[in-house]
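target30.txt follows; it contains compact mmCIF, N, CA and C atoms.
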# COMPACT_ATOMS: atom_id res chain seq x y z
N MET A 1 56.41 -37.30 -119.38
CA MET A 1 55.50 -37.80 -120.40
C MET A 1 54.07 -37.60 -119.93
N PRO A 2 53.17 -37.04 -120.78
CA PRO A 2 51.78 -36.84 -120.36
C PRO A 2 51.13 -38.17 -120.01
N LYS A 3 50.19 -38.12 -119.10
CA LYS A 3 49.51 -39.31 -118.62
C LYS A 3 48.85 -40.08 -119.78
N SER A 4 48.23 -39.38 -120.73
CA SER A 4 47.55 -40.05 -121.83
C SER A 4 48.52 -40.79 -122.74
N LYS A 5 49.75 -40.30 -122.88
CA LYS A 5 50.72 -40.99 -123.70
C LYS A 5 51.16 -42.30 -123.07
N ALA A 6 51.18 -42.35 -121.76
CA ALA A 6 51.63 -43.55 -121.06
C ALA A 6 50.73 -44.74 -121.35
N ARG A 7 49.46 -44.49 -121.65
CA ARG A 7 48.52 -45.57 -121.91
C ARG A 7 48.47 -45.98 -123.37
N LEU A 8 49.15 -45.28 -124.23
CA LEU A 8 49.14 -45.62 -125.65
C LEU A 8 49.97 -46.86 -125.91
N SER A 9 49.59 -47.59 -126.94
CA SER A 9 50.44 -48.67 -127.39
C SER A 9 51.72 -48.06 -127.94
N LYS A 10 52.73 -48.88 -128.14
CA LYS A 10 54.00 -48.36 -128.66
C LYS A 10 53.78 -47.67 -130.01
N LYS A 11 52.94 -48.26 -130.85
CA LYS A 11 52.64 -47.66 -132.15
C LYS A 11 51.93 -46.32 -131.98
N GLY A 12 50.99 -46.24 -131.02
CA GLY A 12 50.28 -45.00 -130.75
C GLY A 12 51.19 -43.91 -130.23
N GLN A 13 52.15 -44.27 -129.38
CA GLN A 13 53.11 -43.29 -128.88
C GLN A 13 53.94 -42.74 -130.02
N ASN A 14 54.35 -43.61 -130.91
CA ASN A 14 55.11 -43.17 -132.09
C ASN A 14 54.30 -42.18 -132.91
N LEU A 15 53.03 -42.51 -133.15
CA LEU A 15 52.17 -41.63 -133.95
C LEU A 15 51.97 -40.29 -133.28
N ALA A 16 51.72 -40.31 -131.98
CA ALA A 16 51.47 -39.06 -131.27
C ALA A 16 52.70 -38.17 -131.23
N SER A 17 53.87 -38.77 -131.02
CA SER A 17 55.08 -37.95 -130.91
C SER A 17 55.55 -37.46 -132.27
N ASN A 18 55.19 -38.14 -133.33
CA ASN A 18 55.62 -37.74 -134.67
C ASN A 18 54.43 -37.40 -135.55
N PHE A 19 53.39 -36.80 -134.97
CA PHE A 19 52.14 -36.59 -135.69
C PHE A 19 52.32 -35.87 -137.02
N SER A 20 53.26 -34.92 -137.10
CA SER A 20 53.40 -34.13 -138.32
C SER A 20 54.13 -34.87 -139.42
N ARG A 21 54.75 -35.99 -139.11
CA ARG A 21 55.45 -36.76 -140.14
C ARG A 21 54.44 -37.41 -141.05
N LYS A 22 54.57 -37.22 -142.35
CA LYS A 22 53.60 -37.75 -143.29
C LYS A 22 53.89 -39.20 -143.68
N ASP A 23 55.07 -39.72 -143.34
CA ASP A 23 55.42 -41.06 -143.78
C ASP A 23 54.94 -42.16 -142.83
N LEU A 24 54.30 -41.82 -141.72
CA LEU A 24 53.84 -42.85 -140.80
C LEU A 24 52.66 -43.63 -141.38
N TYR A 25 51.63 -42.94 -141.76
CA TYR A 25 50.44 -43.53 -142.35
C TYR A 25 49.95 -42.59 -143.42
N SER A 26 49.35 -43.16 -144.44
CA SER A 26 48.67 -42.29 -145.39
C SER A 26 47.39 -41.83 -144.71
N PRO A 27 46.82 -40.70 -145.13
CA PRO A 27 45.60 -40.21 -144.48
C PRO A 27 44.44 -41.20 -144.57
N GLU A 28 44.46 -42.09 -145.56
CA GLU A 28 43.37 -43.03 -145.76
C GLU A 28 43.52 -44.30 -144.93
N THR A 29 44.67 -44.49 -144.29
CA THR A 29 44.89 -45.70 -143.50
C THR A 29 43.86 -45.77 -142.38
N LEU A 30 43.21 -46.92 -142.27
CA LEU A 30 42.18 -47.10 -141.25
C LEU A 30 42.80 -47.57 -139.94
N LEU A 31 42.42 -46.90 -138.87
CA LEU A 31 42.86 -47.26 -137.52
C LEU A 31 41.62 -47.52 -136.67
N PRO A 32 41.72 -48.42 -135.70
CA PRO A 32 40.57 -48.61 -134.79
C PRO A 32 40.23 -47.29 -134.11
N THR A 33 38.95 -47.06 -133.92
CA THR A 33 38.50 -45.81 -133.30
C THR A 33 39.18 -45.57 -131.97
N GLU A 34 39.38 -46.62 -131.20
CA GLU A 34 40.05 -46.49 -129.91
C GLU A 34 41.46 -45.91 -130.08
N GLU A 35 42.18 -46.33 -131.10
CA GLU A 35 43.53 -45.83 -131.35
C GLU A 35 43.48 -44.36 -131.82
N VAL A 36 42.49 -44.02 -132.64
CA VAL A 36 42.33 -42.63 -133.08
C VAL A 36 42.10 -41.74 -131.86
N ILE A 37 41.27 -42.20 -130.93
CA ILE A 37 41.00 -41.42 -129.71
C ILE A 37 42.27 -41.25 -128.90
N LYS A 38 43.05 -42.30 -128.74
CA LYS A 38 44.30 -42.22 -127.97
C LYS A 38 45.28 -41.24 -128.61
N ILE A 39 45.41 -41.29 -129.92
CA ILE A 39 46.33 -40.38 -130.61
C ILE A 39 45.85 -38.94 -130.47
N ALA A 40 44.53 -38.74 -130.62
CA ALA A 40 43.96 -37.40 -130.50
C ALA A 40 44.14 -36.86 -129.08
N LYS A 41 43.94 -37.70 -128.08
CA LYS A 41 44.13 -37.27 -126.70
C LYS A 41 45.59 -36.89 -126.46
N ALA A 42 46.51 -37.65 -127.04
CA ALA A 42 47.93 -37.34 -126.90
C ALA A 42 48.26 -36.01 -127.57
N ALA A 43 47.46 -35.63 -128.58
CA ALA A 43 47.62 -34.33 -129.24
C ALA A 43 46.80 -33.26 -128.53
N ARG A 44 46.31 -33.57 -127.33
CA ARG A 44 45.58 -32.67 -126.46
C ARG A 44 44.18 -32.28 -126.95
N VAL A 45 43.53 -33.17 -127.69
CA VAL A 45 42.14 -32.94 -128.07
C VAL A 45 41.29 -33.23 -126.85
N ASP A 46 40.36 -32.32 -126.54
CA ASP A 46 39.48 -32.46 -125.39
C ASP A 46 38.15 -33.04 -125.86
N PHE A 47 37.83 -34.25 -125.39
CA PHE A 47 36.57 -34.89 -125.76
C PHE A 47 35.46 -34.58 -124.77
N GLY A 48 35.74 -33.76 -123.77
CA GLY A 48 34.74 -33.40 -122.79
C GLY A 48 34.61 -34.47 -121.72
N PRO A 49 33.61 -34.31 -120.84
CA PRO A 49 33.49 -35.20 -119.69
C PRO A 49 32.92 -36.57 -120.01
N GLY A 50 32.28 -36.74 -121.14
CA GLY A 50 31.63 -38.01 -121.46
C GLY A 50 32.55 -39.00 -122.13
N ASP A 51 31.95 -40.03 -122.69
CA ASP A 51 32.66 -41.09 -123.39
C ASP A 51 33.15 -40.57 -124.75
N PRO A 52 34.46 -40.64 -125.02
CA PRO A 52 34.98 -40.15 -126.30
C PRO A 52 34.36 -40.85 -127.52
N GLU A 53 34.01 -42.13 -127.38
CA GLU A 53 33.40 -42.83 -128.51
C GLU A 53 32.02 -42.26 -128.82
N GLU A 54 31.30 -41.84 -127.78
CA GLU A 54 30.01 -41.19 -128.01
C GLU A 54 30.20 -39.85 -128.71
N ARG A 55 31.25 -39.12 -128.35
CA ARG A 55 31.54 -37.84 -128.98
C ARG A 55 31.88 -38.06 -130.47
N ILE A 56 32.62 -39.12 -130.74
CA ILE A 56 32.95 -39.47 -132.14
C ILE A 56 31.66 -39.75 -132.91
N ARG A 57 30.75 -40.51 -132.31
CA ARG A 57 29.47 -40.80 -132.98
C ARG A 57 28.68 -39.50 -133.25
N TYR A 58 28.72 -38.58 -132.30
CA TYR A 58 28.04 -37.29 -132.47
C TYR A 58 28.67 -36.52 -133.63
N PHE A 59 29.98 -36.52 -133.70
CA PHE A 59 30.67 -35.82 -134.80
C PHE A 59 30.33 -36.45 -136.15
N ILE A 60 30.18 -37.77 -136.18
CA ILE A 60 29.79 -38.46 -137.41
C ILE A 60 28.38 -38.02 -137.80
N LYS A 61 27.48 -37.97 -136.82
CA LYS A 61 26.09 -37.56 -137.07
C LYS A 61 26.03 -36.14 -137.63
N LEU A 62 26.89 -35.25 -137.12
CA LEU A 62 26.92 -33.86 -137.60
C LEU A 62 27.60 -33.74 -138.98
N GLY A 63 28.29 -34.78 -139.40
CA GLY A 63 29.01 -34.72 -140.67
C GLY A 63 30.43 -34.20 -140.53
N LEU A 64 30.92 -34.07 -139.30
CA LEU A 64 32.28 -33.61 -139.09
C LEU A 64 33.31 -34.70 -139.40
N LEU A 65 32.91 -35.95 -139.20
CA LEU A 65 33.80 -37.08 -139.44
C LEU A 65 33.12 -38.07 -140.38
N PRO A 66 33.92 -38.86 -141.08
CA PRO A 66 33.33 -39.88 -141.97
C PRO A 66 32.75 -41.02 -141.14
N HIS A 67 31.89 -41.81 -141.76
CA HIS A 67 31.34 -42.97 -141.08
C HIS A 67 32.44 -43.99 -140.81
N GLN A 68 32.28 -44.71 -139.72
CA GLN A 68 33.26 -45.72 -139.37
C GLN A 68 33.12 -46.92 -140.30
N VAL A 69 34.25 -47.56 -140.56
CA VAL A 69 34.27 -48.80 -141.32
C VAL A 69 34.41 -49.92 -140.31
N ARG A 70 33.49 -50.86 -140.36
CA ARG A 70 33.55 -51.96 -139.39
C ARG A 70 34.42 -53.07 -139.97
N LYS A 71 35.44 -53.43 -139.22
CA LYS A 71 36.29 -54.55 -139.62
C LYS A 71 36.93 -55.17 -138.39
N ILE A 72 37.45 -56.35 -138.57
CA ILE A 72 38.10 -57.05 -137.47
C ILE A 72 39.53 -56.57 -137.40
N SER A 73 39.95 -56.11 -136.21
CA SER A 73 41.30 -55.59 -136.03
C SER A 73 42.29 -56.74 -135.97
N LYS A 74 43.49 -56.47 -136.45
CA LYS A 74 44.58 -57.43 -136.32
C LYS A 74 45.19 -57.21 -134.95
N PRO A 75 45.62 -58.29 -134.29
CA PRO A 75 46.25 -58.09 -132.99
C PRO A 75 47.57 -57.34 -133.13
N ASP A 76 47.85 -56.48 -132.16
CA ASP A 76 49.10 -55.72 -132.14
C ASP A 76 50.22 -56.66 -131.72
N GLU A 77 51.35 -56.61 -132.43
CA GLU A 77 52.46 -57.50 -132.12
C GLU A 77 52.94 -57.33 -130.69
N SER A 78 52.90 -56.12 -130.16
CA SER A 78 53.37 -55.86 -128.80
C SER A 78 52.35 -56.27 -127.75
N ASP A 79 51.12 -56.54 -128.18
CA ASP A 79 50.06 -56.90 -127.26
C ASP A 79 49.96 -58.42 -127.18
N SER A 80 49.99 -58.96 -125.97
CA SER A 80 49.97 -60.41 -125.81
C SER A 80 48.56 -60.98 -125.95
N THR A 81 47.53 -60.14 -125.83
CA THR A 81 46.16 -60.63 -125.98
C THR A 81 45.79 -60.66 -127.45
N THR A 82 44.84 -61.49 -127.78
CA THR A 82 44.40 -61.57 -129.17
C THR A 82 43.20 -60.67 -129.37
N ALA A 83 43.04 -60.20 -130.57
CA ALA A 83 41.90 -59.34 -130.88
C ALA A 83 40.63 -60.19 -130.91
N SER A 84 39.53 -59.60 -130.53
CA SER A 84 38.28 -60.33 -130.57
C SER A 84 37.83 -60.47 -132.02
N ALA A 85 36.98 -61.43 -132.24
CA ALA A 85 36.49 -61.67 -133.60
C ALA A 85 35.34 -60.74 -133.95
N ASN A 86 34.96 -59.88 -133.03
CA ASN A 86 33.87 -58.93 -133.30
C ASN A 86 34.39 -57.76 -134.11
N PRO A 87 33.59 -57.29 -135.07
CA PRO A 87 34.02 -56.12 -135.84
C PRO A 87 34.14 -54.88 -134.95
N VAL A 88 35.10 -54.05 -135.27
CA VAL A 88 35.37 -52.82 -134.53
C VAL A 88 35.34 -51.67 -135.52
N GLY A 89 34.83 -50.51 -135.09
CA GLY A 89 34.80 -49.34 -135.95
C GLY A 89 36.20 -48.81 -136.21
N HIS A 90 36.49 -48.49 -137.45
CA HIS A 90 37.78 -47.92 -137.85
C HIS A 90 37.53 -46.59 -138.55
N LEU A 91 38.45 -45.67 -138.35
CA LEU A 91 38.39 -44.36 -138.99
C LEU A 91 39.70 -44.10 -139.71
N PRO A 92 39.69 -43.27 -140.74
CA PRO A 92 40.95 -42.94 -141.41
C PRO A 92 41.86 -42.15 -140.49
N TYR A 93 43.15 -42.31 -140.69
CA TYR A 93 44.15 -41.60 -139.89
C TYR A 93 43.93 -40.08 -139.98
N SER A 94 43.43 -39.60 -141.11
CA SER A 94 43.18 -38.17 -141.29
C SER A 94 42.16 -37.63 -140.30
N THR A 95 41.40 -38.52 -139.67
CA THR A 95 40.42 -38.12 -138.67
C THR A 95 41.08 -37.40 -137.50
N VAL A 96 42.31 -37.80 -137.17
CA VAL A 96 43.01 -37.17 -136.05
C VAL A 96 43.21 -35.69 -136.34
N LYS A 97 43.63 -35.37 -137.55
CA LYS A 97 43.83 -33.96 -137.92
C LYS A 97 42.50 -33.20 -137.86
N ARG A 98 41.43 -33.84 -138.31
CA ARG A 98 40.11 -33.21 -138.26
C ARG A 98 39.69 -32.98 -136.82
N LEU A 99 39.94 -33.94 -135.94
CA LEU A 99 39.60 -33.77 -134.53
C LEU A 99 40.36 -32.61 -133.90
N ILE A 100 41.61 -32.45 -134.28
CA ILE A 100 42.42 -31.33 -133.77
C ILE A 100 41.83 -30.01 -134.24
N SER A 101 41.42 -29.95 -135.51
CA SER A 101 40.81 -28.73 -136.05
C SER A 101 39.49 -28.41 -135.35
N VAL A 102 38.66 -29.43 -135.16
CA VAL A 102 37.37 -29.25 -134.50
C VAL A 102 37.59 -28.76 -133.06
N ASP A 103 38.53 -29.36 -132.37
CA ASP A 103 38.82 -28.96 -130.99
C ASP A 103 39.29 -27.51 -130.93
N ARG A 104 40.15 -27.12 -131.86
CA ARG A 104 40.66 -25.74 -131.89
C ARG A 104 39.52 -24.75 -132.10
N LEU A 105 38.61 -25.05 -133.04
CA LEU A 105 37.48 -24.17 -133.30
C LEU A 105 36.52 -24.13 -132.11
N HIS A 106 36.32 -25.28 -131.46
CA HIS A 106 35.42 -25.32 -130.30
C HIS A 106 35.99 -24.51 -129.15
N ARG A 107 37.29 -24.60 -128.95
CA ARG A 107 37.93 -23.80 -127.89
C ARG A 107 37.86 -22.31 -128.20
N ALA A 108 37.76 -21.97 -129.49
CA ALA A 108 37.65 -20.57 -129.89
C ALA A 108 36.23 -20.04 -129.70
N GLY A 109 35.28 -20.93 -129.35
CA GLY A 109 33.94 -20.47 -129.04
C GLY A 109 32.85 -20.94 -129.97
N ASP A 110 33.18 -21.68 -131.02
CA ASP A 110 32.14 -22.18 -131.93
C ASP A 110 31.49 -23.43 -131.36
N SER A 111 30.20 -23.59 -131.61
CA SER A 111 29.52 -24.82 -131.21
C SER A 111 29.82 -25.89 -132.25
N TYR A 112 29.59 -27.13 -131.91
CA TYR A 112 29.87 -28.20 -132.86
C TYR A 112 29.00 -28.10 -134.11
N PRO A 113 27.70 -27.76 -134.00
CA PRO A 113 26.91 -27.57 -135.22
C PRO A 113 27.44 -26.41 -136.09
N GLN A 114 27.93 -25.34 -135.46
CA GLN A 114 28.51 -24.24 -136.23
C GLN A 114 29.78 -24.70 -136.96
N ILE A 115 30.57 -25.49 -136.29
CA ILE A 115 31.80 -26.02 -136.91
C ILE A 115 31.45 -26.90 -138.09
N ALA A 116 30.41 -27.73 -137.93
CA ALA A 116 29.98 -28.61 -139.02
C ALA A 116 29.55 -27.78 -140.23
N GLU A 117 28.84 -26.68 -139.99
CA GLU A 117 28.41 -25.81 -141.09
C GLU A 117 29.62 -25.19 -141.80
N LYS A 118 30.61 -24.77 -141.03
CA LYS A 118 31.83 -24.20 -141.63
C LYS A 118 32.50 -25.21 -142.55
N PHE A 119 32.64 -26.45 -142.06
CA PHE A 119 33.28 -27.47 -142.87
C PHE A 119 32.48 -27.78 -144.13
N LYS A 120 31.15 -27.79 -144.01
CA LYS A 120 30.29 -28.04 -145.17
C LYS A 120 30.45 -26.95 -146.21
N ARG A 121 30.53 -25.68 -145.76
CA ARG A 121 30.73 -24.57 -146.70
C ARG A 121 32.07 -24.69 -147.41
N ILE A 122 33.10 -25.06 -146.67
CA ILE A 122 34.43 -25.22 -147.26
C ILE A 122 34.42 -26.33 -148.30
N GLU A 123 33.77 -27.46 -147.98
CA GLU A 123 33.71 -28.58 -148.92
C GLU A 123 32.93 -28.21 -150.17
N LYS A 124 31.83 -27.46 -150.03
CA LYS A 124 31.06 -27.01 -151.20
C LYS A 124 31.90 -26.11 -152.09
N ARG A 125 32.66 -25.22 -151.45
CA ARG A 125 33.53 -24.31 -152.20
C ARG A 125 34.59 -25.09 -152.97
N ARG A 126 35.15 -26.09 -152.35
CA ARG A 126 36.17 -26.92 -153.01
C ARG A 126 35.58 -27.71 -154.19
N GLU A 127 34.34 -28.18 -154.02
CA GLU A 127 33.67 -28.93 -155.10
C GLU A 127 33.43 -28.02 -156.30
N LYS A 128 33.04 -26.78 -156.06
CA LYS A 128 32.81 -25.82 -157.15
C LYS A 128 34.09 -25.50 -157.89
N GLU A 129 35.20 -25.44 -157.14
CA GLU A 129 36.50 -25.12 -157.76
C GLU A 129 37.04 -26.27 -158.57
N ALA A 130 36.64 -27.49 -158.24
CA ALA A 130 37.18 -28.68 -158.93
C ALA A 130 36.53 -28.92 -160.27
Could you spell out this file's structure in structure tokens?
Amino acid sequence: MPKSKARLSKKGQNLASNFSRKDLYSPETLLPTEEVIKIAKAARVDFGPGDPEERIRYFIKLGLLPHQVRKISKPDESDSTTASANPVGHLPYSTVKRLISVDRLHRAGDSYPQIAEKFKRIEKRREKEA
């Protein structure tokens, strides 16, 4: 088992091992950013040497990812600690797929701003077709 999977919650391990299954979560389901990062790491997304949460913020700034929704997380049943009452950033489950796509393009040699431009062009094209 990869090292990153060992640190995932039981729910995160399930998501990472069955990522292609569409019945786990709808793409709009909000997950805490920390869980999105864990699932993406289990899918071998490389966040680079820095803090993955900072990389997520950078991707949001570039328009690669949607803005986080701040809400209070529910405690995980398998976790004996309680969730803090402080709001935590949440992202849609579909963010994991976007992170995988961004990572694939970055490994192919595109810079993050170039990737953001590609996604913007694709979205504009889709809007015109609709």
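Between atom N of Glu127 in chain A and atom C of Arg107 in chain A the separation is 26.7 Å.
Here atom N of Glu129 in chain A stands at a distance of 16.3 Å from atom C of Glu117 in chain A.
Here the question is which of A:Val96, A:Ile115, A:Ala108, A:Ala130 gets nearest to Val36 in chain A using only N, CA and C atoms, and that residue is A:Val96.
The coordinates place atom N of Arg121 in chain A at 21.5 Å from atom N of Tyr93 in chain A.
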With distances taken over only C-alpha atoms, the candidate from A:Arg125, A:Arg44, A:Lys71, A:His90 nearest Leu30 in chain A is A:His90
Check: Quick one: residues within 9 Å of range 45-54 of chain A, only C-alpha atoms counted, chain neighbours fewer than 6 positions away excluded, as JSON, numbers by chain?
Finding: {"A": [33, 34, 37, 39, 99, 100, 102, 103, 104]}
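For the residues A:Tyr58, A:Pro32, A:Pro27, A:Leu64, ranking by smallest atom-to-atom distance to Ala116 in chain A using all atoms listed in the file places A:Leu64 first.
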